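Everything below belongs to final-v2.csv, which stores CSV, C-alpha atoms.
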```csv
chain,number,residue,atom,x,y,z
A,1,MET,CA,137.3,202.4,118.1
A,2,SER,CA,134.4,203.9,116.2
A,3,ARG,CA,130.9,204.1,117.6
A,4,ARG,CA,129.6,201.4,115.2
A,5,VAL,CA,132.3,198.9,116.2
A,6,LYS,CA,131.5,199.5,119.9
A,7,PHE,CA,127.8,199.1,119.3
A,8,LEU,CA,128.3,195.8,117.3
A,9,LEU,CA,130.7,194.5,120.0
A,10,ALA,CA,128.1,195.4,122.7
A,11,VAL,CA,125.3,193.6,120.8
A,12,LEU,CA,127.5,190.5,120.2
A,13,VAL,CA,128.5,190.3,123.9
A,14,GLY,CA,124.8,190.7,124.9
A,15,VAL,CA,123.7,187.9,122.6
A,16,ALA,CA,126.5,185.7,123.8
A,17,ILE,CA,125.6,186.3,127.5
A,18,GLY,CA,121.9,185.7,126.7
A,19,LEU,CA,122.7,182.4,124.9
A,20,VAL,CA,124.9,181.1,127.7
A,21,TYR,CA,122.3,182.1,130.3
A,22,GLY,CA,119.4,180.5,128.3
A,23,TRP,CA,121.1,177.3,127.2
A,24,VAL,CA,123.5,176.6,130.1
A,25,ILE,CA,122.7,178.4,133.3
A,26,SER,CA,118.9,178.4,133.2
A,27,PRO,CA,117.5,176.4,130.3
A,28,VAL,CA,113.7,175.9,130.0
A,29,ARG,CA,112.6,172.5,131.3
A,30,TYR,CA,109.2,171.1,130.3
A,31,VAL,CA,108.0,168.7,132.9
A,32,ASN,CA,104.8,166.7,132.6
A,33,SER,CA,103.5,168.5,129.5
A,34,SER,CA,100.3,167.1,128.1
A,35,PRO,CA,99.7,166.6,124.4
A,36,ASP,CA,97.0,169.3,124.4
A,37,ALA,CA,99.8,171.8,124.9
A,38,LEU,CA,101.1,171.0,121.4
A,39,SER,CA,100.7,173.3,118.5
A,40,PRO,CA,98.1,172.2,115.9
A,41,ASP,CA,100.7,170.7,113.5
A,42,TYR,CA,102.2,168.5,116.2
A,43,GLN,CA,98.7,167.6,117.4
A,44,ALA,CA,98.1,166.4,113.8
A,45,ASP,CA,101.2,164.3,114.0
A,46,TYR,CA,100.0,162.8,117.3
A,47,VAL,CA,96.6,162.0,115.7
A,48,LEU,CA,98.5,160.4,112.8
A,49,MET,CA,100.4,158.2,115.2
A,50,VAL,CA,97.2,157.2,116.9
A,51,ALA,CA,95.7,156.3,113.5
A,52,GLU,CA,98.7,154.2,112.7
A,53,ALA,CA,98.5,152.4,116.0
A,54,TYR,CA,94.8,151.9,115.5
A,55,GLN,CA,95.4,150.3,112.0
A,56,ARG,CA,97.8,147.8,113.6
A,57,GLU,CA,95.9,147.1,116.9
A,58,ALA,CA,92.3,147.6,115.7
A,59,ASN,CA,91.3,148.7,119.3
A,60,LEU,CA,89.1,151.7,119.1
A,61,ASP,CA,88.8,152.1,122.8
A,62,THR,CA,92.6,152.5,123.1
A,63,ALA,CA,92.6,155.0,120.2
A,64,VAL,CA,89.9,157.0,121.9
A,65,ARG,CA,91.8,157.0,125.2
A,66,ARG,CA,94.9,158.2,123.3
A,67,LEU,CA,93.0,161.0,121.5
A,68,ALA,CA,91.4,162.1,124.8
A,69,ALA,CA,94.9,163.2,125.9
A,70,LEU,CA,94.4,166.1,123.4
A,71,GLY,CA,91.3,167.2,125.3
A,72,GLY,CA,87.9,167.4,123.6
A,73,ASP,CA,85.9,165.2,121.3
A,74,PRO,CA,88.0,162.5,119.6
A,75,LEU,CA,86.1,162.8,116.3
A,76,MET,CA,86.5,166.6,116.2
A,77,ILE,CA,90.2,166.3,117.1
A,78,THR,CA,90.7,163.8,114.3
A,79,GLN,CA,88.8,165.9,111.7
A,80,GLN,CA,90.8,169.0,112.7
A,81,ALA,CA,94.0,167.0,112.3
A,82,ILE,CA,92.9,165.9,108.8
A,83,LEU,CA,92.4,169.6,107.8
A,84,THR,CA,95.8,170.5,109.3
A,85,GLY,CA,97.4,167.5,107.5
A,86,ARG,CA,96.0,168.7,104.2
A,87,GLN,CA,97.3,172.2,104.8
A,88,LEU,CA,100.8,170.7,105.6
A,89,ASN,CA,100.7,168.4,102.6
A,90,TYR,CA,100.7,165.1,104.5
A,91,ALA,CA,101.1,162.1,102.3
A,92,PRO,CA,97.8,160.7,100.9
A,93,ARG,CA,98.3,157.5,102.8
A,94,ASP,CA,98.6,159.4,106.1
A,95,LEU,CA,95.4,161.3,105.3
A,96,GLU,CA,93.7,158.0,104.5
A,97,LEU,CA,94.7,156.5,107.8
A,98,MET,CA,93.3,159.5,109.7
A,99,ALA,CA,90.1,159.5,107.6
A,100,ALA,CA,89.6,155.8,108.3
A,101,LEU,CA,89.9,156.5,112.0
A,102,ALA,CA,87.5,159.4,111.8
A,103,GLN,CA,85.0,157.3,109.9
A,104,ARG,CA,85.2,154.6,112.6
A,105,LEU,CA,84.9,157.2,115.4
A,106,GLN,CA,81.5,158.4,113.9
A,107,THR,CA,79.9,155.1,115.0
A,108,TYR,CA,81.8,154.7,118.2
A,109,THR,CA,79.9,154.2,121.4
A,110,PRO,CA,82.0,153.9,124.6
A,111,GLN,CA,81.9,150.6,126.4
A,112,PRO,CA,80.3,151.0,129.9
A,113,ALA,CA,82.8,150.6,132.7
A,114,THR,CA,82.3,147.4,134.6
A,115,GLN,CA,81.9,147.9,138.2
A,116,GLN,CA,83.1,145.5,140.9
A,117,PRO,CA,80.4,144.5,143.3
A,118,VAL,CA,80.7,146.2,146.7
A,119,GLU,CA,81.0,143.9,149.6
A,120,SER,CA,79.2,144.8,152.7
A,121,ALA,CA,81.1,144.9,156.0
A,122,PRO,CA,80.2,142.2,158.5
```
I'd like the structure from this file rewritten - as structure tokens, please.
Amino acid sequence: MSRRVKFLLAVLVGVAIGLVYGWVISPVRYVNSSPDALSPDYQADYVLMVAEAYQREANLDTAVRRLAALGGDPLMITQQAILTGRQLNYAPRDLELMAALAQRLQTYTPQPATQQPVESAP
């Protein structure tokens, strides 16, 4: 066998062993990943899903809670998702949904949490 054939054979065997190890023996397992670990394009997809749910449910508190999973200000997250969506050529309807959510978030004030009265011990 020539040197080139031996080299290519060694590379192929190495790649095969690496694939078997990485896919079968010790694959990567993502457990309890949060949405803020997503790349910006997937975060934009997440914001779009929140905007679609908001359109159906019309519950801004729920939308804000869902956006909070991305970490940070919900309005800023939505605005960044719109910019990312434009770069990725999202459909105009999708961009409109996110823009409508962003517009509604501009006037959002969180509802104060209702506290249960504390009973005193006898």
Residue neighbourhood Asn59 of chain A, 12 Å, only C-alpha atoms, exclusion window fewer than 6 positions, as JSON, numbers by chain | {"A": [50, 51, 52, 53, 65, 66, 101, 104, 105, 108, 110, 111]}
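Compared by their closest atoms to Thr84 of chain A, and using only C-alpha atoms, the residues A:Val47, A:Val5, A:Ala37, A:Val31 rank with A:Val47 nearest.
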Counting all atoms listed in the file, which residues come within 9 Å of (97.1, 161.4, 108.4), with the point read in the file's coordinates, and could you list them as a tab-separated table (two decimals) with C-alpha atoms, in the coordinates of the input?
```tsv
chain	number	residue	atom	x	y	z
A	44	ALA	CA	98.10	166.40	113.80
A	45	ASP	CA	101.20	164.30	114.00
A	47	VAL	CA	96.60	162.00	115.70
A	48	LEU	CA	98.50	160.40	112.80
A	49	MET	CA	100.40	158.20	115.20
A	51	ALA	CA	95.70	156.30	113.50
A	52	GLU	CA	98.70	154.20	112.70
A	81	ALA	CA	94.00	167.00	112.30
A	82	ILE	CA	92.90	165.90	108.80
A	85	GLY	CA	97.40	167.50	107.50
A	86	ARG	CA	96.00	168.70	104.20
A	90	TYR	CA	100.70	165.10	104.50
A	91	ALA	CA	101.10	162.10	102.30
A	92	PRO	CA	97.80	160.70	100.90
A	93	ARG	CA	98.30	157.50	102.80
A	94	ASP	CA	98.60	159.40	106.10
A	95	LEU	CA	95.40	161.30	105.30
A	96	GLU	CA	93.70	158.00	104.50
A	97	LEU	CA	94.70	156.50	107.80
A	98	MET	CA	93.30	159.50	109.70
A	99	ALA	CA	90.10	159.50	107.60
```
Two-atom distance - atom CA of Ala58 of chain A, atom CA of Gln87 of chain A (Å) = 27.4 Å
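Restricting the calculation to all atoms listed in the file, the smallest distance between Gln106 of chain A and any of A:Leu9, A:Leu75, A:Leu38, A:Ile25 is found for A:Leu75.
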Å distance separating atom CA of Ser34 of chain A from atom CA of Leu19 of chain A, one decimal place = 27.3 Å
Quote the spacing between atom CA of Gly72 of chain A and atom CA of Asp36 of chain A in Å to one decimal place.
->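 Answer for the atom CA of Gly72 of chain A to atom CA of Asp36 of chain A separation: 9.3 Å.
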Among the residues A:Val24, A:Met1, A:Ala100, A:Leu8, the one that comes closest to Tyr54 of chain A [using all atoms listed in the file] | A:Ala100
A:Gln103, A:Ser39, A:Ser2, A:Ser26 ranked by distance to Leu70 of chain A, top pick (using all atoms listed in the file) | A:Ser39
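You can rank A:Asp41, A:Asp73, A:Val15, A:Tyr46 by their closest distance to Leu88 of chain A using only C-alpha atoms, and at the top of that list sits A:Asp41.
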